[in-house]
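Written below as structure tokens is the structure these notes are about.
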Amino acid sequence: MSGQERSFRSKLAQLIGQKGLIRGTLLSRKRMCGKPSCRCTRGHPHESLYLVVSESGRTRQLYVPRAWEAAVRQWVRDYQQAKELMEEISRLHWDKIRNRRE
Ligand SMILES: [Zn+2]
């Protein structure tokens with residue numbers, strides 16, 4: 001195994017082994033709550049965070065409570081990074097097959 005592959009695998013193992021992972025995109029959406037006296041009627045809309053995920057061609061959305069925001073942002077980043085590492089490892093194996101070298 002090359003040093004490069006070892007490095008990808010070790011980073012991937014850290015990502016998978018420690019924290020959460022989630023696939024999706026975060027979307028911040030502004031909205032009005034409907035209370036006539038609220039500040040949102042005067043140009044300061046409420047902002048809510050959603051996680052948007054597509055599954056077999058369908059898009060699903062999940063409201064992310066404020067208290068969960070930091071953790072969910074981290075999970076999304078870690079998922080993307082794990083996916084990139086998987087792609088790198090996959091490319092190395094593509095080359096192994098092509099070059100007939102284990
Ligand atoms: Zn409001």
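Each chain in the structure tokens gets a letter, A, B, ..., in the order shown, and its residues are numbered from 1; ligands are numbered from 1 in order too.
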Kindly provide, as a PDB file with N, CA and C atoms, in the first residue's frame, all nucleotide and amino acid residues lying within 10 Å of ligand 1, counting only C-alpha atoms and all ligand atoms.
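Dumped to part.pdb:
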```pdb
ATOM      1  N   ARG A  31     -38.438  33.499   6.825  1.00  0.00           N
ATOM      2  CA  ARG A  31     -39.897  33.350   6.861  1.00  0.00           C
ATOM      3  C   ARG A  31     -40.510  34.358   7.833  1.00  0.00           C
ATOM      4  N   MET A  32     -41.810  34.572   7.654  1.00  0.00           N
ATOM      5  CA  MET A  32     -42.602  35.416   8.546  1.00  0.00           C
ATOM      6  C   MET A  32     -43.420  34.486   9.432  1.00  0.00           C
ATOM      7  N   CYS A  33     -43.537  34.838  10.725  1.00  0.00           N
ATOM      8  CA  CYS A  33     -44.220  33.927  11.642  1.00  0.00           C
ATOM      9  C   CYS A  33     -45.741  34.156  11.679  1.00  0.00           C
ATOM     10  N   GLY A  34     -46.186  35.306  11.227  1.00  0.00           N
ATOM     11  CA  GLY A  34     -47.622  35.550  11.193  1.00  0.00           C
ATOM     12  C   GLY A  34     -48.136  36.444  12.308  1.00  0.00           C
ATOM     13  N   LYS A  35     -47.311  36.688  13.336  1.00  0.00           N
ATOM     14  CA  LYS A  35     -47.740  37.601  14.403  1.00  0.00           C
ATOM     15  C   LYS A  35     -47.623  39.035  13.902  1.00  0.00           C
ATOM     16  N   PRO A  36     -48.727  39.780  13.991  1.00  0.00           N
ATOM     17  CA  PRO A  36     -48.738  41.126  13.405  1.00  0.00           C
ATOM     18  C   PRO A  36     -47.723  42.073  14.048  1.00  0.00           C
ATOM     19  N   SER A  37     -47.407  41.879  15.333  1.00  0.00           N
ATOM     20  CA  SER A  37     -46.526  42.828  16.023  1.00  0.00           C
ATOM     21  C   SER A  37     -45.061  42.419  15.966  1.00  0.00           C
ATOM     22  N   CYS A  38     -44.762  41.282  15.341  1.00  0.00           N
ATOM     23  CA  CYS A  38     -43.393  40.753  15.367  1.00  0.00           C
ATOM     24  C   CYS A  38     -42.457  41.586  14.495  1.00  0.00           C
ATOM     25  N   ARG A  39     -41.173  41.560  14.861  1.00  0.00           N
ATOM     26  CA  ARG A  39     -40.162  42.304  14.103  1.00  0.00           C
ATOM     27  C   ARG A  39     -40.052  41.803  12.656  1.00  0.00           C
ATOM     28  N   CYS A  40     -40.522  40.560  12.409  1.00  0.00           N
ATOM     29  CA  CYS A  40     -40.401  40.030  11.050  1.00  0.00           C
ATOM     30  C   CYS A  40     -41.299  40.789  10.069  1.00  0.00           C
ATOM     31  N   THR A  41     -42.320  41.468  10.602  1.00  0.00           N
ATOM     32  CA  THR A  41     -43.160  42.271   9.703  1.00  0.00           C
ATOM     33  C   THR A  41     -42.463  43.579   9.341  1.00  0.00           C
ATOM     34  N   ARG A  42     -41.388  43.916  10.073  1.00  0.00           N
ATOM     35  CA  ARG A  42     -40.692  45.184   9.822  1.00  0.00           C
ATOM     36  C   ARG A  42     -39.317  44.953   9.184  1.00  0.00           C
ATOM     37  N   GLY A  43     -39.235  43.950   8.351  1.00  0.00           N
ATOM     38  CA  GLY A  43     -38.008  43.745   7.563  1.00  0.00           C
ATOM     39  C   GLY A  43     -36.932  42.908   8.228  1.00  0.00           C
ATOM     40  N   HIS A  44     -37.272  42.228   9.343  1.00  0.00           N
ATOM     41  CA  HIS A  44     -36.293  41.339   9.982  1.00  0.00           C
ATOM     42  C   HIS A  44     -36.872  39.925  10.070  1.00  0.00           C
ATOM     43  N   PRO A  45     -36.928  39.239   8.941  1.00  0.00           N
ATOM     44  CA  PRO A  45     -37.560  37.918   8.933  1.00  0.00           C
ATOM     45  C   PRO A  45     -36.801  36.899   9.796  1.00  0.00           C
ATOM     46  N   HIS A  46     -37.508  35.892  10.251  1.00  0.00           N
ATOM     47  CA  HIS A  46     -36.878  34.795  10.994  1.00  0.00           C
ATOM     48  C   HIS A  46     -36.115  33.932  10.006  1.00  0.00           C
ATOM     49  N   GLU A  47     -34.996  33.370  10.473  1.00  0.00           N
ATOM     50  CA  GLU A  47     -34.243  32.473   9.599  1.00  0.00           C
ATOM     51  C   GLU A  47     -34.250  31.071  10.186  1.00  0.00           C
TER      52      GLU A  47
END
```
For this session: Apply DSSP to the backbone of this structure and, from chain A, keep only the residues in helix (DSSP H, G or I); write these as an MDAnalysis selection string.
Result: chainID A and resid 3:18 39:42 66:98
Residues of the last selection are to be written out with N, CA and C atoms, as a compact mmCIF listing (two decimals), in the first residue's frame.
```txt
# COMPACT_ATOMS: atom_id res chain seq x y z
N GLY A 3 2.09 5.22 0.49
CA GLY A 3 1.95 6.19 1.58
C GLY A 3 0.72 7.05 1.39
N GLN A 4 0.44 7.36 0.13
CA GLN A 4 -0.73 8.17 -0.18
C GLN A 4 -2.02 7.45 0.21
N GLU A 5 -2.10 6.18 -0.16
CA GLU A 5 -3.29 5.41 0.17
C GLU A 5 -3.44 5.27 1.69
N ARG A 6 -2.33 5.02 2.35
CA ARG A 6 -2.36 4.89 3.81
C ARG A 6 -2.90 6.17 4.46
N SER A 7 -2.47 7.31 3.91
CA SER A 7 -2.90 8.60 4.45
C SER A 7 -4.40 8.81 4.23
N PHE A 8 -4.90 8.50 3.03
CA PHE A 8 -6.34 8.62 2.77
C PHE A 8 -7.13 7.73 3.72
N ARG A 9 -6.68 6.48 3.87
CA ARG A 9 -7.40 5.52 4.70
C ARG A 9 -7.42 5.94 6.17
N SER A 10 -6.30 6.50 6.61
CA SER A 10 -6.22 6.90 8.01
C SER A 10 -7.14 8.09 8.29
N LYS A 11 -7.19 9.06 7.37
CA LYS A 11 -8.11 10.19 7.54
C LYS A 11 -9.56 9.72 7.50
N LEU A 12 -9.84 8.80 6.59
CA LEU A 12 -11.20 8.28 6.46
C LEU A 12 -11.63 7.55 7.73
N ALA A 13 -10.71 6.74 8.27
CA ALA A 13 -11.02 5.99 9.49
C ALA A 13 -11.33 6.95 10.64
N GLN A 14 -10.59 8.04 10.71
CA GLN A 14 -10.85 9.03 11.77
C GLN A 14 -12.23 9.64 11.62
N LEU A 15 -12.58 10.01 10.38
CA LEU A 15 -13.88 10.64 10.14
C LEU A 15 -15.03 9.71 10.47
N ILE A 16 -14.89 8.45 10.05
CA ILE A 16 -15.98 7.50 10.25
C ILE A 16 -16.09 7.05 11.70
N GLY A 17 -14.93 6.96 12.35
CA GLY A 17 -14.90 6.37 13.68
C GLY A 17 -15.35 7.27 14.81
N GLN A 18 -15.31 8.57 14.59
CA GLN A 18 -15.51 9.45 15.75
C GLN A 18 -16.88 10.09 15.84
N ARG A 39 -41.17 41.56 14.86
CA ARG A 39 -40.16 42.30 14.10
C ARG A 39 -40.05 41.80 12.66
N CYS A 40 -40.52 40.56 12.41
CA CYS A 40 -40.40 40.03 11.05
C CYS A 40 -41.30 40.79 10.07
N THR A 41 -42.32 41.47 10.60
CA THR A 41 -43.16 42.27 9.70
C THR A 41 -42.46 43.58 9.34
N ARG A 42 -41.39 43.92 10.07
CA ARG A 42 -40.69 45.18 9.82
C ARG A 42 -39.32 44.95 9.18
N ARG A 66 -32.02 25.16 16.16
CA ARG A 66 -30.87 26.03 16.42
C ARG A 66 -29.78 25.31 17.23
N ALA A 67 -30.20 24.59 18.25
CA ALA A 67 -29.25 23.93 19.15
C ALA A 67 -28.45 22.83 18.44
N TRP A 68 -28.97 22.37 17.30
CA TRP A 68 -28.31 21.29 16.57
C TRP A 68 -27.42 21.81 15.45
N GLU A 69 -27.51 23.11 15.20
CA GLU A 69 -26.90 23.67 14.00
C GLU A 69 -25.40 23.36 13.88
N ALA A 70 -24.64 23.63 14.93
CA ALA A 70 -23.19 23.44 14.86
C ALA A 70 -22.85 21.98 14.58
N ALA A 71 -23.52 21.07 15.27
CA ALA A 71 -23.24 19.64 15.10
C ALA A 71 -23.59 19.20 13.68
N VAL A 72 -24.76 19.64 13.19
CA VAL A 72 -25.19 19.22 11.86
C VAL A 72 -24.24 19.77 10.78
N ARG A 73 -23.81 21.03 10.95
CA ARG A 73 -22.84 21.59 9.99
C ARG A 73 -21.58 20.73 9.94
N GLN A 74 -21.12 20.30 11.10
CA GLN A 74 -19.93 19.45 11.17
C GLN A 74 -20.17 18.10 10.49
N TRP A 75 -21.34 17.50 10.74
CA TRP A 75 -21.66 16.19 10.13
C TRP A 75 -21.69 16.29 8.61
N VAL A 76 -22.26 17.39 8.11
CA VAL A 76 -22.34 17.59 6.66
C VAL A 76 -20.93 17.72 6.08
N ARG A 77 -20.08 18.55 6.74
CA ARG A 77 -18.69 18.71 6.27
C ARG A 77 -17.94 17.38 6.30
N ASP A 78 -18.12 16.64 7.38
CA ASP A 78 -17.40 15.37 7.52
C ASP A 78 -17.87 14.35 6.49
N TYR A 79 -19.16 14.35 6.19
CA TYR A 79 -19.67 13.43 5.16
C TYR A 79 -19.01 13.75 3.83
N GLN A 80 -18.95 15.05 3.48
CA GLN A 80 -18.38 15.45 2.19
C GLN A 80 -16.90 15.09 2.12
N GLN A 81 -16.21 15.30 3.25
CA GLN A 81 -14.79 14.98 3.26
C GLN A 81 -14.56 13.47 3.16
N ALA A 82 -15.40 12.69 3.85
CA ALA A 82 -15.28 11.22 3.78
C ALA A 82 -15.54 10.76 2.35
N LYS A 83 -16.52 11.39 1.69
CA LYS A 83 -16.84 11.02 0.32
C LYS A 83 -15.66 11.31 -0.61
N GLU A 84 -15.02 12.47 -0.42
CA GLU A 84 -13.86 12.81 -1.24
C GLU A 84 -12.73 11.81 -1.03
N LEU A 85 -12.53 11.39 0.23
CA LEU A 85 -11.47 10.42 0.52
C LEU A 85 -11.79 9.07 -0.13
N MET A 86 -13.06 8.67 -0.09
CA MET A 86 -13.47 7.43 -0.75
C MET A 86 -13.17 7.50 -2.25
N GLU A 87 -13.44 8.67 -2.83
CA GLU A 87 -13.17 8.87 -4.26
C GLU A 87 -11.68 8.74 -4.56
N GLU A 88 -10.86 9.32 -3.69
CA GLU A 88 -9.40 9.24 -3.89
C GLU A 88 -8.94 7.78 -3.84
N ILE A 89 -9.46 7.05 -2.85
CA ILE A 89 -9.06 5.65 -2.71
C ILE A 89 -9.56 4.85 -3.92
N SER A 90 -10.75 5.18 -4.37
CA SER A 90 -11.31 4.52 -5.54
C SER A 90 -10.43 4.76 -6.78
N ARG A 91 -9.95 6.00 -6.94
CA ARG A 91 -9.07 6.31 -8.08
C ARG A 91 -7.79 5.50 -8.03
N LEU A 92 -7.24 5.35 -6.82
CA LEU A 92 -6.01 4.57 -6.68
C LEU A 92 -6.25 3.12 -7.12
N HIS A 93 -7.44 2.60 -6.78
CA HIS A 93 -7.73 1.21 -7.14
C HIS A 93 -8.04 1.06 -8.63
N TRP A 94 -8.58 2.11 -9.20
CA TRP A 94 -8.77 2.12 -10.67
C TRP A 94 -7.40 1.93 -11.34
N ASP A 95 -6.42 2.70 -10.86
CA ASP A 95 -5.08 2.61 -11.41
C ASP A 95 -4.46 1.23 -11.17
N LYS A 96 -4.76 0.66 -10.02
CA LYS A 96 -4.22 -0.69 -9.73
C LYS A 96 -4.71 -1.70 -10.74
N ILE A 97 -6.00 -1.63 -11.06
CA ILE A 97 -6.55 -2.57 -12.04
C ILE A 97 -5.92 -2.31 -13.41
N ARG A 98 -5.90 -1.02 -13.76
CA ARG A 98 -5.40 -0.67 -15.09
C ARG A 98 -3.94 -1.07 -15.26
```
For this session: From region 12-95 of chain A, collect each residue whose DSSP state is strand (DSSP E or B) and return the set as a count of residues only.
Result: 24
Problem set entry | Surrounding residues of region 52-59 of chain A excluding itself and chain neighbours under 2 positions, 12 Å, only C-alpha atoms, as a ChimeraX atom specification | /A:22-29,49-50,61-64,72,76
Keeping C-alpha atoms for every residue in the selection just given, could you write it to a file as a tab-separated table (two decimals), in the first residue's frame?
```tsv
chain	number	residue	atom	x	y	z
A	22	ILE	CA	-24.89	13.08	7.13
A	23	ARG	CA	-25.45	13.57	3.43
A	24	GLY	CA	-27.24	16.72	2.40
A	25	THR	CA	-27.03	20.44	1.79
A	26	LEU	CA	-27.84	23.10	4.34
A	27	LEU	CA	-30.29	25.75	3.30
A	28	SER	CA	-31.16	28.87	5.26
A	29	ARG	CA	-34.67	30.11	4.64
A	49	LEU	CA	-32.04	26.13	8.74
A	50	TYR	CA	-33.02	23.06	6.73
A	61	GLN	CA	-36.16	18.51	3.84
A	62	LEU	CA	-35.55	18.45	7.52
A	63	TYR	CA	-35.76	21.40	9.87
A	64	VAL	CA	-32.56	21.78	11.91
A	72	VAL	CA	-25.19	19.22	11.86
A	76	VAL	CA	-22.34	17.59	6.66
```
